[in-house]
$ cat coords.pdb   # PDB, C-alpha atoms, pLDDT in the B column
ATOM      1  CA  MET X   1    -165.371 -94.538  65.412  1.00 41.00           C
ATOM      2  CA  PRO X   2    -168.873 -93.345  64.339  1.00 40.00           C
ATOM      3  CA  LEU X   3    -171.759 -94.796  66.323  1.00 40.00           C
ATOM      4  CA  ALA X   4    -173.320 -96.114  63.081  1.00 41.00           C
ATOM      5  CA  VAL X   5    -170.488 -98.654  62.943  1.00 41.00           C
ATOM      6  CA  TYR X   6    -171.863-100.192  66.139  1.00 39.00           C
ATOM      7  CA  ALA X   7    -175.491-100.340  64.971  1.00 41.00           C
ATOM      8  CA  VAL X   8    -176.862-103.870  64.807  1.00 42.00           C
ATOM      9  CA  GLY X   9    -180.008-104.784  62.869  1.00 41.00           C
ATOM     10  CA  GLY X  10    -182.748-107.118  64.074  1.00 38.00           C
ATOM     11  CA  MET X  11    -182.641-105.996  67.695  1.00 39.00           C
ATOM     12  CA  LEU X  12    -185.531-105.238  70.021  1.00 40.00           C
ATOM     13  CA  PRO X  13    -187.162-101.805  69.971  1.00 48.00           C
ATOM     14  CA  GLY X  14    -185.233 -98.883  71.451  1.00 61.00           C
ATOM     15  CA  MET X  15    -184.014 -98.525  74.981  1.00 70.00           C
ATOM     16  CA  ASP X  16    -183.804 -95.175  76.701  1.00 79.00           C
ATOM     17  CA  LEU X  17    -180.297 -93.818  76.145  1.00 84.00           C
ATOM     18  CA  VAL X  18    -180.317 -91.987  79.486  1.00 84.00           C
ATOM     19  CA  ARG X  19    -181.000 -95.304  81.234  1.00 86.00           C
ATOM     20  CA  ILE X  20    -178.075 -96.909  79.376  1.00 87.00           C
ATOM     21  CA  TYR X  21    -175.690 -94.049  80.122  1.00 87.00           C
ATOM     22  CA  GLU X  22    -176.676 -93.969  83.795  1.00 87.00           C
ATOM     23  CA  CYS X  23    -175.475 -97.568  83.939  1.00 87.00           C
ATOM     24  CA  LEU X  24    -172.290 -96.840  81.999  1.00 90.00           C
ATOM     25  CA  CYS X  25    -171.150 -93.968  84.233  1.00 91.00           C
ATOM     26  CA  ASP X  26    -169.644 -96.292  86.858  1.00 94.00           C
ATOM     27  CA  ARG X  27    -166.324 -98.101  86.356  1.00 95.00           C
ATOM     28  CA  THR X  28    -167.413-101.252  88.226  1.00 97.00           C
ATOM     29  CA  ARG X  29    -170.545-101.578  86.082  1.00 96.00           C
ATOM     30  CA  LEU X  30    -168.474-101.048  82.937  1.00 96.00           C
ATOM     31  CA  ARG X  31    -166.109-103.799  84.054  1.00 97.00           C
ATOM     32  CA  LEU X  32    -169.032-106.145  84.772  1.00 97.00           C
ATOM     33  CA  LEU X  33    -170.573-105.529  81.356  1.00 97.00           C
ATOM     34  CA  ALA X  34    -167.230-106.066  79.634  1.00 96.00           C
ATOM     35  CA  LEU X  35    -166.767-109.386  81.452  1.00 96.00           C
ATOM     36  CA  LEU X  36    -170.311-110.552  80.694  1.00 96.00           C
ATOM     37  CA  ALA X  37    -169.722-109.894  76.999  1.00 94.00           C
ATOM     38  CA  GLY X  38    -167.679-113.112  77.107  1.00 91.00           C
ATOM     39  CA  GLY X  39    -170.664-115.137  78.336  1.00 92.00           C
ATOM     40  CA  PRO X  40    -172.657-115.847  81.500  1.00 94.00           C
ATOM     41  CA  LEU X  41    -170.891-115.780  84.853  1.00 94.00           C
ATOM     42  CA  CYS X  42    -171.769-116.527  88.450  1.00 93.00           C
ATOM     43  CA  VAL X  43    -171.556-113.650  90.943  1.00 94.00           C
ATOM     44  CA  CYS X  44    -168.716-115.410  92.773  1.00 92.00           C
ATOM     45  CA  HIS X  45    -166.647-115.573  89.584  1.00 94.00           C
ATOM     46  CA  LEU X  46    -167.267-111.906  88.798  1.00 96.00           C
ATOM     47  CA  GLN X  47    -166.238-111.093  92.367  1.00 95.00           C
ATOM     48  CA  ASP X  48    -163.080-113.159  91.923  1.00 94.00           C
ATOM     49  CA  VAL X  49    -162.096-111.328  88.733  1.00 97.00           C
ATOM     50  CA  LEU X  50    -162.894-107.843  90.028  1.00 97.00           C
ATOM     51  CA  GLY X  51    -161.390-108.399  93.464  1.00 96.00           C
ATOM     52  CA  GLU X  52    -164.382-106.627  94.995  1.00 96.00           C
ATOM     53  CA  PRO X  53    -166.644-107.649  97.913  1.00 95.00           C
ATOM     54  CA  GLN X  54    -169.656-109.793  97.002  1.00 94.00           C
ATOM     55  CA  VAL X  55    -172.088-107.156  98.287  1.00 96.00           C
ATOM     56  CA  LYS X  56    -170.616-104.493  95.958  1.00 97.00           C
ATOM     57  CA  VAL X  57    -170.702-106.791  92.918  1.00 97.00           C
ATOM     58  CA  SER X  58    -174.268-107.907  93.695  1.00 96.00           C
ATOM     59  CA  LYS X  59    -175.411-104.305  94.209  1.00 97.00           C
ATOM     60  CA  HIS X  60    -174.083-103.263  90.807  1.00 97.00           C
ATOM     61  CA  LEU X  61    -175.532-106.348  89.098  1.00 98.00           C
ATOM     62  CA  ALA X  62    -178.946-105.615  90.656  1.00 96.00           C
ATOM     63  CA  TYR X  63    -178.708-102.037  89.355  1.00 96.00           C
ATOM     64  CA  LEU X  64    -177.917-103.301  85.847  1.00 96.00           C
ATOM     65  CA  LYS X  65    -180.690-105.918  86.010  1.00 96.00           C
ATOM     66  CA  GLU X  66    -183.322-103.367  87.119  1.00 93.00           C
ATOM     67  CA  ARG X  67    -182.472-101.300  84.058  1.00 92.00           C
ATOM     68  CA  GLY X  68    -182.476-104.211  81.603  1.00 92.00           C
ATOM     69  CA  LEU X  69    -178.745-104.334  80.847  1.00 94.00           C
ATOM     70  CA  VAL X  70    -178.257-107.824  82.307  1.00 96.00           C
ATOM     71  CA  VAL X  71    -180.398-110.908  82.869  1.00 96.00           C
ATOM     72  CA  ALA X  72    -180.094-113.179  85.907  1.00 96.00           C
ATOM     73  CA  CYS X  73    -181.137-116.711  86.705  1.00 93.00           C
ATOM     74  CA  ARG X  74    -180.644-118.999  89.639  1.00 91.00           C
ATOM     75  CA  GLU X  75    -178.728-122.244  89.209  1.00 86.00           C
ATOM     76  CA  GLY X  76    -178.976-124.006  92.552  1.00 85.00           C
ATOM     77  CA  ASN X  77    -177.451-121.667  95.138  1.00 85.00           C
ATOM     78  CA  TRP X  78    -175.772-119.498  92.521  1.00 87.00           C
ATOM     79  CA  MET X  79    -176.974-116.447  90.632  1.00 91.00           C
ATOM     80  CA  VAL X  80    -175.727-116.430  87.054  1.00 94.00           C
ATOM     81  CA  TYR X  81    -175.740-113.188  85.062  1.00 97.00           C
ATOM     82  CA  ARG X  82    -175.483-112.600  81.340  1.00 96.00           C
ATOM     83  CA  LEU X  83    -176.181-109.925  78.781  1.00 96.00           C
ATOM     84  CA  PRO X  84    -179.647-109.961  77.163  1.00 95.00           C
ATOM     85  CA  SER X  85    -179.849-112.391  74.252  1.00 92.00           C
ATOM     86  CA  ARG X  86    -181.637-109.762  72.128  1.00 91.00           C
ATOM     87  CA  PRO X  87    -180.483-106.317  73.288  1.00 91.00           C
ATOM     88  CA  SER X  88    -181.987-103.150  71.879  1.00 89.00           C
ATOM     89  CA  ARG X  89    -180.082-101.528  69.049  1.00 89.00           C
ATOM     90  CA  GLU X  90    -178.919 -98.765  71.403  1.00 90.00           C
ATOM     91  CA  LEU X  91    -177.664-101.210  74.016  1.00 91.00           C
ATOM     92  CA  ALA X  92    -175.940-103.413  71.429  1.00 92.00           C
ATOM     93  CA  ALA X  93    -174.176-100.385  69.945  1.00 92.00           C
ATOM     94  CA  ASN X  94    -172.966 -99.173  73.327  1.00 91.00           C
ATOM     95  CA  LEU X  95    -171.808-102.641  74.395  1.00 93.00           C
ATOM     96  CA  ALA X  96    -169.866-102.991  71.130  1.00 94.00           C
ATOM     97  CA  CYS X  97    -168.263 -99.602  71.746  1.00 93.00           C
ATOM     98  CA  LEU X  98    -167.405-100.670  75.305  1.00 94.00           C
ATOM     99  CA  GLN X  99    -165.653-103.784  73.979  1.00 92.00           C
ATOM    100  CA  ASP X 100    -163.610-101.689  71.565  1.00 91.00           C
ATOM    101  CA  CYS X 101    -162.597 -99.255  74.311  1.00 91.00           C
ATOM    102  CA  ALA X 102    -161.894-102.058  76.801  1.00 91.00           C
ATOM    103  CA  ARG X 103    -159.188-103.463  74.533  1.00 91.00           C
ATOM    104  CA  GLU X 104    -157.161-100.287  75.070  1.00 92.00           C
ATOM    105  CA  ASP X 105    -157.645 -99.918  78.838  1.00 95.00           C
ATOM    106  CA  PRO X 106    -155.165-101.679  81.161  1.00 96.00           C
ATOM    107  CA  VAL X 107    -157.797-102.396  83.863  1.00 96.00           C
ATOM    108  CA  PHE X 108    -160.107-104.085  81.359  1.00 96.00           C
ATOM    109  CA  ARG X 109    -157.213-106.035  79.836  1.00 96.00           C
ATOM    110  CA  ARG X 110    -156.220-107.200  83.325  1.00 96.00           C
ATOM    111  CA  ASP X 111    -159.834-108.260  83.973  1.00 97.00           C
ATOM    112  CA  ALA X 112    -159.871-110.237  80.708  1.00 96.00           C
ATOM    113  CA  ALA X 113    -156.653-112.032  81.703  1.00 96.00           C
ATOM    114  CA  LYS X 114    -158.074-112.856  85.161  1.00 96.00           C
ATOM    115  CA  LEU X 115    -161.290-114.097  83.548  1.00 95.00           C
ATOM    116  CA  ALA X 116    -159.301-116.416  81.275  1.00 94.00           C
ATOM    117  CA  ARG X 117    -157.603-117.891  84.371  1.00 92.00           C
ATOM    118  CA  VAL X 118    -160.955-118.261  86.165  1.00 89.00           C
ATOM    119  CA  ARG X 119    -162.490-120.007  83.137  1.00 87.00           C
ATOM    120  CA  ALA X 120    -159.464-122.334  82.925  1.00 87.00           C
ATOM    121  CA  ARG X 121    -159.904-123.195  86.615  1.00 84.00           C
ATOM    122  CA  LEU X 122    -163.650-123.729  86.149  1.00 80.00           C
ATOM    123  CA  ALA X 123    -162.995-126.178  83.347  1.00 78.00           C
ATOM    124  CA  ARG X 124    -161.313-128.400  85.962  1.00 76.00           C
ATOM    125  CA  GLU X 125    -163.874-127.922  88.758  1.00 72.00           C
ATOM    126  CA  ASP X 126    -167.307-129.351  89.296  1.00 59.00           C
ATOM    127  CA  CYS X 127    -168.921-126.194  90.648  1.00 59.00           C
ATOM    128  CA  PRO X 128    -172.692-126.024  89.970  1.00 50.00           C
ATOM    129  CA  GLY X 129    -172.320-122.259  89.591  1.00 53.00           C
ATOM    130  CA  ALA X 130    -169.495-122.659  87.096  1.00 54.00           C
ATOM    131  CA  VAL X 131    -170.433-121.359  83.696  1.00 52.00           C
ATOM    132  CA  ARG X 132    -167.903-122.660  81.244  1.00 46.00           C
ATOM    133  CA  ALA X 133    -167.417-122.371  77.537  1.00 44.00           C
ATOM    134  CA  GLY X 134    -169.485-125.069  75.860  1.00 42.00           C
ATOM    135  CA  ARG X 135    -171.764-125.579  78.871  1.00 47.00           C
ATOM    136  CA  LYS X 136    -175.353-124.613  78.255  1.00 47.00           C
ATOM    137  CA  ALA X 137    -177.157-122.707  80.948  1.00 44.00           C
ATOM    138  CA  THR X 138    -180.672-123.742  81.922  1.00 41.00           C
ATOM    139  CA  GLU X 139    -183.582-122.575  79.786  1.00 38.00           C
ATOM    140  CA  SER X 140    -184.469-119.936  82.381  1.00 42.00           C
ATOM    141  CA  CYS X 141    -181.061-118.370  81.809  1.00 51.00           C
ATOM    142  CA  HIS X 142    -181.782-117.912  78.111  1.00 44.00           C
ATOM    143  CA  ARG X 143    -184.885-115.764  78.474  1.00 43.00           C
ATOM    144  CA  GLY X 144    -184.596-112.052  77.881  1.00 46.00           C
TER     145      GLY X 144
END
$ encode --input "coords.pdb" --output "C-alpha cells"
Amino acid sequence: MPLAVYAVGGMLPGMDLVRIYECLCDRTRLRLLALLAGGPLCVCHLQDVLGEPQVKVSKHLAYLKERGLVVACREGNWMVYRLPSRPSRELAANLACLQDCAREDPVFRRDAAKLARVRARLAREDCPGAVRAGRKATESCHRG
C-alpha cells in the first residue's frame, strides 16, 4: 500500500524518520506500539500480554518515550503508557502501516487476543493501574 494512504492531516510538524525507524527495528517495540494503538495500558498489563520480564518491557517503553513515540504518566504506583494524542504525520503514517501489517502477523494477532482477555479481566477488577475501555485517564495522561 502506498505511504500516501497512511498520511493523516492536521498532525504536529514532522518527526525525524530515522528516529522513528530506529524505534521500529525491534520486534518488542513493534509489539508494544501495536498494543498501545488500542489505548493506554499499564506496564504490568503490557508485561502480561507480551510474557516478557518487567525490566525488558520498561526498558523498551523508556526508549520509545525518549524518542517521542509514547507518552507516560503515573497513576498511583503504576506507570501508564499511551501513544501521543497528536502524533506527527510521519509517526501517524507509520503507526497506521504497523496496524495493517500486524493484522497479518500471527504474533501480533496472538498479542491482540491476549490483550482482549486482559481488558476483560480488568473490567472485573478494581486495579488503580487498570486502564479500561470507557475509563478516562487523568489529565496528565492526556498531554502530549
$ resolve_selection --input "coords.pdb" --expression "the PyMOL selection byres ((chain X and resi 79) around 9)" --output "ChimeraX atom specification"
/X:41-44,72-78,80-81,129
$ closest_residue --input "coords.pdb" --among "X:Ala62, X:Leu69, X:Leu98, X:Gly38" --to "X:Pro84" --atoms "only C-alpha atoms"
X:Leu69
$ resolve_selection --input "coords.pdb" --expression "the PyMOL selection byres ((chain X and resi 107-113) around 8)" --output "PyMOL selection string"
chain X and resi 31+34-35+49-50+102-106+114-117
$ closest_residue --input "coords.pdb" --among "X:Val70, X:Leu24, X:Leu17, X:Val57" --to "X:Pro87" --atoms "all atoms listed in the file"
X:Val70
$ axis_aligned_box --input "coords.pdb" --around "stretch 45-48 of chain X" --padding-each-side "6 Å" --output "AutoDock Vina command-line options"
--center_x -165.2 --center_y -113.3 --center_z 90.6 --size_x 16.2 --size_y 16.5 --size_z 15.6
$ closest_residue --input "coords.pdb" --among "X:Val71, X:Thr28, X:Ala37, X:Arg89" --to "X:Lys56" --atoms "all atoms listed in the file"
X:Thr28
$ atom_distance --input "coords.pdb" --atom1 "atom CA of X:Gly39" --atom2 "atom CA of X:Leu61"
14.7 Å
$ atom_distance --input "coords.pdb" --atom1 "atom CA of X:Ala96" --atom2 "atom CA of X:Glu52"
24.8 Å
$ closest_residue --input "coords.pdb" --among "X:Arg124, X:Arg67, X:Arg82, X:His45" --to "X:Asp16" --atoms "all atoms listed in the file"
X:Arg67
$ build_atoms --input "coords.pdb" --residues "stretch 86-112 of chain X" --atoms "N, CA and C atoms" --output "PDB file, in the coordinates of the input"
ATOM      1  N   ARG X  86    -181.216-110.649  73.219  1.00 91.00           N
ATOM      2  CA  ARG X  86    -181.637-109.762  72.128  1.00 91.00           C
ATOM      3  C   ARG X  86    -181.666-108.321  72.640  1.00 91.00           C
ATOM      4  N   PRO X  87    -180.512-107.693  72.773  1.00 91.00           N
ATOM      5  CA  PRO X  87    -180.483-106.317  73.288  1.00 91.00           C
ATOM      6  C   PRO X  87    -181.083-105.339  72.275  1.00 91.00           C
ATOM      7  N   SER X  88    -181.523-104.204  72.784  1.00 89.00           N
ATOM      8  CA  SER X  88    -181.987-103.150  71.879  1.00 89.00           C
ATOM      9  C   SER X  88    -180.815-102.700  71.012  1.00 89.00           C
ATOM     10  N   ARG X  89    -181.130-102.039  69.933  1.00 89.00           N
ATOM     11  CA  ARG X  89    -180.082-101.528  69.049  1.00 89.00           C
ATOM     12  C   ARG X  89    -179.144-100.586  69.808  1.00 89.00           C
ATOM     13  N   GLU X  90    -179.719 -99.730  70.644  1.00 90.00           N
ATOM     14  CA  GLU X  90    -178.919 -98.765  71.403  1.00 90.00           C
ATOM     15  C   GLU X  90    -177.979 -99.471  72.382  1.00 90.00           C
ATOM     16  N   LEU X  91    -178.504-100.479  73.070  1.00 91.00           N
ATOM     17  CA  LEU X  91    -177.664-101.210  74.016  1.00 91.00           C
ATOM     18  C   LEU X  91    -176.577-101.979  73.280  1.00 91.00           C
ATOM     19  N   ALA X  92    -176.930-102.650  72.199  1.00 92.00           N
ATOM     20  CA  ALA X  92    -175.940-103.413  71.429  1.00 92.00           C
ATOM     21  C   ALA X  92    -174.822-102.507  70.926  1.00 92.00           C
ATOM     22  N   ALA X  93    -175.182-101.325  70.448  1.00 92.00           N
ATOM     23  CA  ALA X  93    -174.176-100.385  69.945  1.00 92.00           C
ATOM     24  C   ALA X  93    -173.248 -99.928  71.060  1.00 92.00           C
ATOM     25  N   ASN X  94    -173.795 -99.632  72.217  1.00 91.00           N
ATOM     26  CA  ASN X  94    -172.966 -99.173  73.327  1.00 91.00           C
ATOM     27  C   ASN X  94    -172.102-100.287  73.904  1.00 91.00           C
ATOM     28  N   LEU X  95    -172.618-101.510  73.924  1.00 93.00           N
ATOM     29  CA  LEU X  95    -171.808-102.641  74.395  1.00 93.00           C
ATOM     30  C   LEU X  95    -170.664-102.934  73.424  1.00 93.00           C
ATOM     31  N   ALA X  96    -170.929-102.801  72.122  1.00 94.00           N
ATOM     32  CA  ALA X  96    -169.866-102.991  71.130  1.00 94.00           C
ATOM     33  C   ALA X  96    -168.792-101.918  71.293  1.00 94.00           C
ATOM     34  N   CYS X  97    -169.210-100.700  71.522  1.00 93.00           N
ATOM     35  CA  CYS X  97    -168.263 -99.602  71.746  1.00 93.00           C
ATOM     36  C   CYS X  97    -167.446 -99.861  73.014  1.00 93.00           C
ATOM     37  N   LEU X  98    -168.117-100.348  74.064  1.00 94.00           N
ATOM     38  CA  LEU X  98    -167.405-100.670  75.305  1.00 94.00           C
ATOM     39  C   LEU X  98    -166.325-101.718  75.051  1.00 94.00           C
ATOM     40  N   GLN X  99    -166.651-102.741  74.271  1.00 92.00           N
ATOM     41  CA  GLN X  99    -165.653-103.784  73.979  1.00 92.00           C
ATOM     42  C   GLN X  99    -164.461-103.219  73.222  1.00 92.00           C
ATOM     43  N   ASP X 100    -164.718-102.329  72.292  1.00 91.00           N
ATOM     44  CA  ASP X 100    -163.610-101.689  71.565  1.00 91.00           C
ATOM     45  C   ASP X 100    -162.731-100.880  72.505  1.00 91.00           C
ATOM     46  N   CYS X 101    -163.353-100.093  73.367  1.00 91.00           N
ATOM     47  CA  CYS X 101    -162.597 -99.255  74.311  1.00 91.00           C
ATOM     48  C   CYS X 101    -161.869-100.103  75.349  1.00 91.00           C
ATOM     49  N   ALA X 102    -162.484-101.203  75.767  1.00 91.00           N
ATOM     50  CA  ALA X 102    -161.894-102.058  76.801  1.00 91.00           C
ATOM     51  C   ALA X 102    -160.573-102.671  76.346  1.00 91.00           C
ATOM     52  N   ARG X 103    -160.439-102.877  75.051  1.00 91.00           N
ATOM     53  CA  ARG X 103    -159.188-103.463  74.533  1.00 91.00           C
ATOM     54  C   ARG X 103    -157.995-102.556  74.766  1.00 91.00           C
ATOM     55  N   GLU X 104    -158.238-101.266  74.909  1.00 92.00           N
ATOM     56  CA  GLU X 104    -157.161-100.287  75.070  1.00 92.00           C
ATOM     57  C   GLU X 104    -156.874 -99.936  76.526  1.00 92.00           C
ATOM     58  N   ASP X 105    -157.758-100.312  77.434  1.00 95.00           N
ATOM     59  CA  ASP X 105    -157.645 -99.918  78.838  1.00 95.00           C
ATOM     60  C   ASP X 105    -156.948-101.009  79.653  1.00 95.00           C
ATOM     61  N   PRO X 106    -155.903-100.657  80.408  1.00 96.00           N
ATOM     62  CA  PRO X 106    -155.165-101.679  81.161  1.00 96.00           C
ATOM     63  C   PRO X 106    -156.006-102.407  82.208  1.00 96.00           C
ATOM     64  N   VAL X 107    -156.956-101.739  82.847  1.00 96.00           N
ATOM     65  CA  VAL X 107    -157.797-102.396  83.863  1.00 96.00           C
ATOM     66  C   VAL X 107    -158.669-103.457  83.198  1.00 96.00           C
ATOM     67  N   PHE X 108    -159.255-103.130  82.069  1.00 96.00           N
ATOM     68  CA  PHE X 108    -160.107-104.085  81.359  1.00 96.00           C
ATOM     69  C   PHE X 108    -159.279-105.241  80.796  1.00 96.00           C
ATOM     70  N   ARG X 109    -158.091-104.953  80.333  1.00 96.00           N
ATOM     71  CA  ARG X 109    -157.213-106.035  79.836  1.00 96.00           C
ATOM     72  C   ARG X 109    -156.830-106.967  80.987  1.00 96.00           C
ATOM     73  N   ARG X 110    -156.548-106.395  82.140  1.00 96.00           N
ATOM     74  CA  ARG X 110    -156.220-107.200  83.325  1.00 96.00           C
ATOM     75  C   ARG X 110    -157.423-108.070  83.715  1.00 96.00           C
ATOM     76  N   ASP X 111    -158.620-107.485  83.674  1.00 97.00           N
ATOM     77  CA  ASP X 111    -159.834-108.260  83.973  1.00 97.00           C
ATOM     78  C   ASP X 111    -159.986-109.426  82.999  1.00 97.00           C
ATOM     79  N   ALA X 112    -159.744-109.181  81.722  1.00 96.00           N
ATOM     80  CA  ALA X 112    -159.871-110.237  80.708  1.00 96.00           C
ATOM     81  C   ALA X 112    -158.877-111.366  80.983  1.00 96.00           C
TER      82      ALA X 112
END
